[in-house]
>>> print(open('protein-v5.cif').read())   # mmCIF, C-alpha atoms
data_run
#
loop_
_atom_site.label_atom_id
_atom_site.label_comp_id
_atom_site.auth_asym_id
_atom_site.auth_seq_id
_atom_site.Cartn_x
_atom_site.Cartn_y
_atom_site.Cartn_z
CA MET D 1 19.88 -57.95 -22.46
CA THR D 2 18.31 -58.96 -25.78
CA ASN D 3 14.59 -59.01 -26.53
CA ARG D 4 14.79 -62.78 -26.62
CA GLU D 5 16.34 -62.94 -23.15
CA LEU D 6 13.69 -60.58 -21.82
CA THR D 7 10.94 -62.73 -23.33
CA GLU D 8 12.50 -65.82 -21.74
CA GLN D 9 12.33 -64.13 -18.34
CA ILE D 10 8.70 -63.21 -18.94
CA ARG D 11 7.85 -66.82 -19.81
CA LYS D 12 9.83 -68.14 -16.83
CA LYS D 13 8.22 -65.84 -14.27
CA ARG D 14 4.80 -65.74 -15.94
CA SER D 15 5.02 -61.99 -15.56
CA PHE D 16 5.65 -58.88 -17.64
CA LEU D 17 5.50 -56.58 -14.62
CA CYS D 18 7.78 -53.56 -14.34
CA ILE D 19 7.91 -51.89 -10.93
CA GLY D 20 8.64 -48.19 -10.76
CA LEU D 21 11.06 -47.10 -8.04
CA ASP D 22 9.90 -43.50 -7.67
CA THR D 23 11.10 -43.15 -4.11
CA ASP D 24 9.78 -40.07 -2.31
CA LEU D 25 11.04 -39.34 1.21
CA ASP D 26 7.67 -37.75 1.99
CA LYS D 27 5.92 -41.06 1.31
CA ILE D 28 8.22 -43.78 2.62
CA PRO D 29 7.50 -45.26 6.08
CA GLY D 30 8.67 -43.03 8.90
CA HIS D 31 10.89 -45.61 10.57
CA LEU D 32 13.14 -45.71 7.46
CA LYS D 33 13.95 -42.02 7.71
CA GLN D 34 16.33 -42.82 10.57
CA GLU D 35 18.47 -44.96 8.25
CA GLU D 36 21.81 -43.69 6.95
CA ASP D 37 20.47 -43.97 3.37
CA PRO D 38 16.66 -44.12 3.61
CA ILE D 39 16.14 -44.11 -0.16
CA PHE D 40 18.33 -47.14 -0.74
CA SER D 41 16.95 -48.88 2.35
CA PHE D 42 13.44 -48.49 0.97
CA ASN D 43 14.46 -49.61 -2.53
CA LYS D 44 16.34 -52.64 -1.26
CA ALA D 45 13.39 -53.77 0.84
CA ILE D 46 11.02 -53.35 -2.11
CA ILE D 47 13.36 -55.25 -4.44
CA ASP D 48 13.92 -58.07 -1.93
CA ALA D 49 10.17 -58.45 -1.48
CA THR D 50 9.02 -58.19 -5.10
CA HIS D 51 11.78 -59.44 -7.43
CA GLU D 52 10.19 -62.86 -7.95
CA TYR D 53 7.04 -61.23 -9.34
CA CYS D 54 8.53 -58.80 -11.86
CA VAL D 55 10.92 -58.75 -14.80
CA ALA D 56 11.92 -55.06 -14.70
CA TYR D 57 12.51 -52.14 -12.37
CA LYS D 58 12.23 -48.50 -13.45
CA PRO D 59 13.68 -45.78 -11.22
CA ASN D 60 12.44 -42.35 -12.26
CA ILE D 61 15.65 -40.32 -12.21
CA ALA D 62 13.94 -37.10 -11.03
CA PHE D 63 13.16 -38.70 -7.67
CA TYR D 64 16.91 -39.12 -7.11
CA GLU D 65 18.17 -35.88 -8.65
CA ALA D 66 15.79 -34.01 -6.34
CA TYR D 67 17.94 -35.02 -3.36
CA GLY D 68 21.24 -33.96 -4.88
CA LEU D 69 24.36 -36.03 -4.30
CA ALA D 70 22.68 -38.19 -1.65
CA GLY D 71 19.91 -39.09 -4.09
CA TRP D 72 22.37 -39.89 -6.88
CA LYS D 73 24.39 -42.12 -4.56
CA ALA D 74 21.19 -43.94 -3.61
CA LEU D 75 20.46 -44.49 -7.29
CA GLU D 76 23.98 -45.85 -7.85
CA LYS D 77 23.60 -48.24 -4.92
CA THR D 78 20.18 -49.35 -6.18
CA ILE D 79 21.34 -50.22 -9.69
CA GLU D 80 24.50 -51.87 -8.34
CA TYR D 81 22.35 -53.99 -6.02
CA LEU D 82 20.06 -55.01 -8.88
CA ASN D 83 22.92 -55.86 -11.23
CA GLU D 84 24.74 -57.88 -8.59
CA HIS D 85 21.84 -59.78 -7.05
CA HIS D 86 19.30 -59.89 -9.90
CA PRO D 87 21.22 -59.63 -13.21
CA ASP D 88 18.34 -61.23 -15.13
CA ILE D 89 16.01 -58.35 -14.27
CA PHE D 90 15.72 -55.63 -16.92
CA THR D 91 16.55 -52.14 -15.66
CA ILE D 92 15.13 -48.89 -17.01
CA ALA D 93 16.48 -45.41 -16.30
CA ASP D 94 13.35 -43.32 -16.64
CA ALA D 95 15.22 -40.13 -17.50
CA LYS D 96 13.33 -38.88 -20.58
CA ARG D 97 16.47 -37.31 -21.99
CA GLY D 98 16.42 -35.62 -25.38
CA ASP D 99 19.30 -33.63 -26.85
CA ILE D 100 21.52 -33.81 -29.91
CA GLY D 101 25.01 -34.97 -30.82
CA ASN D 102 27.69 -35.16 -28.16
CA THR D 103 25.21 -34.23 -25.43
CA ALA D 104 23.03 -37.24 -26.26
CA THR D 105 26.12 -39.45 -26.30
CA ARG D 106 27.10 -38.22 -22.83
CA TYR D 107 23.61 -38.94 -21.51
CA ALA D 108 23.86 -42.42 -22.99
CA LYS D 109 27.29 -43.01 -21.43
CA ALA D 110 26.00 -41.86 -18.05
CA PHE D 111 23.19 -44.40 -17.95
CA PHE D 112 24.64 -47.25 -20.01
CA GLU D 113 28.30 -47.19 -18.97
CA GLN D 114 28.56 -45.41 -15.62
CA LEU D 115 25.35 -46.71 -14.07
CA ASN D 116 25.00 -49.82 -16.26
CA PHE D 117 21.27 -49.63 -16.89
CA ASP D 118 19.85 -51.87 -19.60
CA SER D 119 17.76 -49.05 -21.06
CA VAL D 120 16.84 -45.39 -20.85
CA THR D 121 13.74 -43.43 -21.81
CA VAL D 122 14.26 -40.74 -24.45
CA ALA D 123 12.09 -37.91 -25.78
CA PRO D 124 11.92 -37.85 -29.61
CA TYR D 125 11.01 -34.20 -30.20
CA MET D 126 14.47 -33.18 -31.52
CA GLY D 127 14.52 -36.04 -34.00
CA ARG D 128 17.05 -38.50 -35.37
CA ASP D 129 20.26 -36.95 -34.07
CA SER D 130 18.86 -36.87 -30.54
CA VAL D 131 17.97 -40.59 -30.60
CA GLU D 132 20.59 -42.40 -32.69
CA PRO D 133 23.48 -41.67 -30.27
CA PHE D 134 21.65 -43.81 -27.69
CA LEU D 135 21.26 -46.60 -30.24
CA GLN D 136 25.00 -47.00 -30.75
CA PHE D 137 25.40 -49.09 -27.58
CA PRO D 138 25.14 -52.85 -28.23
CA GLY D 139 23.06 -54.76 -25.72
CA LYS D 140 21.29 -51.59 -24.56
CA HIS D 141 17.80 -50.35 -25.36
CA THR D 142 16.34 -46.91 -25.97
CA ILE D 143 12.70 -46.50 -24.95
CA LEU D 144 11.16 -43.73 -27.01
CA LEU D 145 8.19 -41.73 -25.78
CA ALA D 146 5.38 -42.34 -28.27
CA LEU D 147 1.96 -42.01 -26.65
CA THR D 148 2.10 -41.28 -22.95
CA SER D 149 -0.49 -41.91 -20.23
CA ASN D 150 -0.98 -38.33 -19.03
CA GLN D 151 -3.90 -36.10 -20.02
CA GLY D 152 -1.55 -33.59 -21.66
CA ALA D 153 -0.65 -36.22 -24.27
CA PHE D 154 -3.61 -34.93 -26.25
CA ASP D 155 -1.96 -31.49 -26.56
CA PHE D 156 0.49 -32.73 -29.21
CA GLN D 157 0.85 -36.49 -29.50
CA THR D 158 -2.54 -37.22 -31.05
CA THR D 159 -2.67 -34.10 -33.22
CA ALA D 160 -3.07 -35.08 -36.87
CA TYR D 161 -0.98 -33.64 -39.70
CA GLU D 162 -1.66 -34.73 -43.27
CA GLY D 163 -3.79 -37.61 -42.03
CA LYS D 164 -1.44 -39.02 -39.40
CA ALA D 165 -1.15 -38.35 -35.69
CA LEU D 166 2.18 -37.15 -34.35
CA TYR D 167 2.72 -40.34 -32.33
CA GLU D 168 2.21 -42.40 -35.51
CA ARG D 169 4.86 -40.33 -37.28
CA VAL D 170 7.22 -40.84 -34.34
CA LEU D 171 6.79 -44.62 -34.58
CA GLU D 172 7.16 -44.73 -38.37
CA THR D 173 10.15 -42.39 -38.49
CA ALA D 174 12.02 -43.98 -35.58
CA SER D 175 11.57 -47.43 -37.11
CA ALA D 176 13.96 -46.30 -39.89
CA TYR D 177 16.71 -45.09 -37.54
CA GLU D 178 20.05 -46.88 -37.48
CA HIS D 179 19.88 -49.80 -35.01
CA SER D 180 16.14 -49.33 -34.60
CA GLU D 181 16.02 -52.96 -33.45
CA ARG D 182 17.25 -51.56 -30.11
CA LEU D 183 14.17 -49.36 -29.76
CA MET D 184 11.24 -49.86 -27.45
CA TYR D 185 8.33 -47.46 -27.10
CA VAL D 186 6.30 -45.91 -24.28
CA VAL D 187 2.55 -46.30 -24.78
CA GLY D 188 0.31 -45.44 -21.85
CA ALA D 189 -2.23 -47.95 -20.52
CA THR D 190 -4.82 -45.17 -20.46
CA LYS D 191 -4.50 -45.06 -24.27
CA ALA D 192 -5.16 -48.80 -24.76
CA GLU D 193 -7.62 -48.19 -27.57
CA TYR D 194 -4.73 -46.92 -29.71
CA LEU D 195 -2.67 -50.10 -29.30
CA GLN D 196 -4.25 -51.93 -32.23
CA ASP D 197 -3.11 -49.24 -34.65
CA ILE D 198 0.28 -48.95 -32.94
CA ARG D 199 0.88 -52.66 -33.45
CA LYS D 200 0.37 -52.19 -37.18
CA ILE D 201 3.36 -49.83 -37.21
CA VAL D 202 5.66 -51.60 -34.71
CA PRO D 203 4.37 -55.19 -34.67
CA GLY D 204 7.41 -56.75 -33.01
CA SER D 205 8.72 -54.04 -30.67
CA PHE D 206 8.50 -54.12 -26.91
CA LEU D 207 6.15 -51.52 -25.44
CA LEU D 208 6.65 -50.04 -21.98
CA VAL D 209 3.14 -49.41 -20.71
CA PRO D 210 2.72 -47.14 -17.67
CA GLY D 211 -0.64 -46.21 -16.20
CA VAL D 212 -1.95 -49.53 -14.86
CA GLY D 213 -3.04 -49.18 -11.25
CA ALA D 214 -3.19 -45.70 -9.76
CA GLN D 215 -3.80 -44.07 -13.16
CA GLY D 216 -6.66 -46.43 -13.98
CA GLY D 217 -5.38 -48.26 -17.06
CA SER D 218 -6.83 -51.70 -17.81
CA LEU D 219 -4.39 -54.62 -17.94
CA GLN D 220 -6.88 -56.69 -19.90
CA GLU D 221 -7.33 -54.00 -22.55
CA VAL D 222 -3.57 -53.54 -22.88
CA CYS D 223 -3.09 -57.28 -23.41
CA LYS D 224 -6.02 -57.59 -25.80
CA TYR D 225 -4.65 -54.98 -28.20
CA GLY D 226 -0.91 -54.88 -27.43
CA MET D 227 0.31 -58.38 -26.74
CA THR D 228 2.24 -60.26 -29.43
CA GLU D 229 3.32 -63.90 -29.79
CA GLU D 230 6.55 -62.88 -28.05
CA VAL D 231 4.52 -60.93 -25.45
CA GLY D 232 6.13 -57.58 -26.33
CA LEU D 233 4.88 -55.79 -23.21
CA LEU D 234 6.36 -54.39 -20.02
CA VAL D 235 3.49 -53.11 -17.91
CA ASN D 236 4.57 -50.69 -15.20
CA SER D 237 2.99 -50.13 -11.82
CA THR D 238 4.51 -47.83 -9.24
CA ARG D 239 2.42 -46.22 -6.51
CA ALA D 240 -0.04 -49.09 -6.16
CA ILE D 241 2.87 -51.37 -5.28
CA ILE D 242 5.63 -49.45 -3.54
CA TYR D 243 3.26 -47.33 -1.43
CA ALA D 244 0.77 -50.10 -0.62
CA SER D 245 1.46 -49.49 3.08
CA GLU D 246 2.98 -46.71 5.15
CA GLY D 247 3.81 -49.03 8.05
CA THR D 248 6.59 -51.42 8.93
CA ASP D 249 4.85 -54.00 6.73
CA PHE D 250 5.42 -51.89 3.60
CA ALA D 251 7.58 -54.51 1.87
CA GLU D 252 5.12 -57.31 2.55
CA ALA D 253 2.26 -55.15 1.31
CA ALA D 254 4.24 -54.32 -1.85
CA ALA D 255 4.90 -58.02 -2.43
CA ALA D 256 1.19 -58.80 -2.09
CA LYS D 257 0.27 -56.14 -4.65
CA ALA D 258 3.02 -57.26 -7.04
CA LYS D 259 1.90 -60.88 -6.72
CA GLU D 260 -1.69 -59.86 -7.40
CA LEU D 261 -0.65 -58.17 -10.63
CA ARG D 262 1.65 -61.04 -11.57
CA ASP D 263 -1.22 -63.49 -11.11
CA GLN D 264 -3.40 -61.40 -13.41
CA MET D 265 -0.60 -61.35 -15.99
CA ALA D 266 -0.12 -65.11 -15.76
CA LYS D 267 -3.74 -65.56 -16.84
CA GLU D 268 -3.13 -63.34 -19.88
CA LEU D 269 -0.13 -65.48 -20.84
CA LEU D 270 -2.11 -68.74 -20.96
#
>>> encode(input="protein-v5.cif", output="structure tokens")
Amino acid sequence: MTNRELTEQIRKKRSFLCIGLDTDLDKIPGHLKQEEDPIFSFNKAIIDATHEYCVAYKPNIAFYEAYGLAGWKALEKTIEYLNEHHPDIFTIADAKRGDIGNTATRYAKAFFEQLNFDSVTVAPYMGRDSVEPFLQFPGKHTILLALTSNQGAFDFQTTAYEGKALYERVLETASAYEHSERLMYVVGATKAEYLQDIRKIVPGSFLLVPGVGAQGGSLQEVCKYGMTEEVGLLVNSTRAIIYASEGTDFAEAAAAKAKELRDQMAKELL
């Protein structure tokens, strides 16, 4: 999917909502645990209930790896279901991989070719040769961690060296990588005050913005400082949507929360 196609979906749905599929068997409704594949059953119900309100889904790979082969099979079924029934929805493998050379290429093949995700999150700490292998896949996107929403982001990401913060150097350096037009960047909603400066470095790139909802990030602040003429934002919400209810009405409750966020986004797109 190209940036233009993604923007068209945003305009069509009046939404730039990304829903995280961080499916935890300890949190899903009890009645689903009797299913043959409770993870996929939960995901399918969430997708069926919310797809009209969002433009992206983001499974966090750790929530599937934690359950071994059964979890990986549930992930495969989830992405196959999305690609078959909702091919216009952007898919993100939130894997945060980061290694060099052939290893990076194998990670890329796993998510882009075997699972057929549209994008994957990547950690930039090892530099160019840990990122560029992901950028060699036409039609796929690499979402680079730049300034994350967690408190520990201040340990390294905002540390200044010779007048520039580390996250600024990441953005500037990555912008010169081969096929950097396939890059997107993670910028946490809890760091909205940094978005104005970030947009000076990557004015046209899409930003994946986690932290709205349970983590307390402000949608209005994110839009004020981060939105471009082409929108350029994917704002993620996970727990506030997928765990809106623990009962048999969990899918309906998720849809209501997703619609609420979508309606807020529609106002920002006016």
>>> resolve_selection(input="protein-v5.cif", expression="the PyMOL selection byres ((chain D and resi 235-252) around 7)", output="ChimeraX atom specification")
/D:16-21,28-29,45-46,49,208-214,233-234,253-258
>>> closest_residue(input="protein-v5.cif", among="D:Glu260, D:Glu193, D:Glu36, D:Glu268", to="Met227 (chain D)", atoms="all atoms listed in the file")
D:Glu268
>>> atom_distance(input="protein-v5.cif", atom1="CA of Leu6 (chain D)", atom2="CA of Val55 (chain D)")
7.8 Å
>>> atom_distance(input="protein-v5.cif", atom1="CA of Ala123 (chain D)", atom2="CA of Leu144 (chain D)")
6.0 Å
>>> resolve_selection(input="protein-v5.cif", expression="the PyMOL selection byres ((chain D and resi 56) around 6)", output="list of chain:residue names")
D:Cys18, D:Cys54, D:Val55, D:Tyr57, D:Ile89, D:Phe90, D:Thr91
>>> resolve_selection(input="protein-v5.cif", expression="the PyMOL selection byres ((chain D and resi 163-170) around 12)", output="PyMOL selection string")
chain D and resi 123-128+131+144-148+153-162+171-177+183+185-188+191+194-202
>>> atom_distance(input="protein-v5.cif", atom1="CA of Glu113 (chain D)", atom2="CA of Leu25 (chain D)")
27.7 Å
>>> closest_residue(input="protein-v5.cif", among="D:Tyr53, D:Phe42, D:Phe206, D:Tyr225", to="Ile143 (chain D)", atoms="all atoms listed in the file")
D:Phe206
>>> closest_residue(input="protein-v5.cif", among="D:Asp48, D:Asp22, D:Asp118, D:Glu229", to="Ala66 (chain D)", atoms="all atoms listed in the file")
D:Asp22
>>> closest_residue(input="protein-v5.cif", among="D:Asp94, D:Asp26, D:Glu132, D:Asp99", to="Val120 (chain D)", atoms="all atoms listed in the file")
D:Asp94
>>> closest_residue(input="protein-v5.cif", among="D:Val222, D:Ala189, D:Ile79, D:Leu32", to="Ile47 (chain D)", atoms="only C-alpha atoms")
D:Ile79
>>> closest_residue(input="protein-v5.cif", among="D:Asp37, D:Glu52, D:Asn150, D:Thr103", to="Arg14 (chain D)", atoms="only C-alpha atoms")
D:Glu52
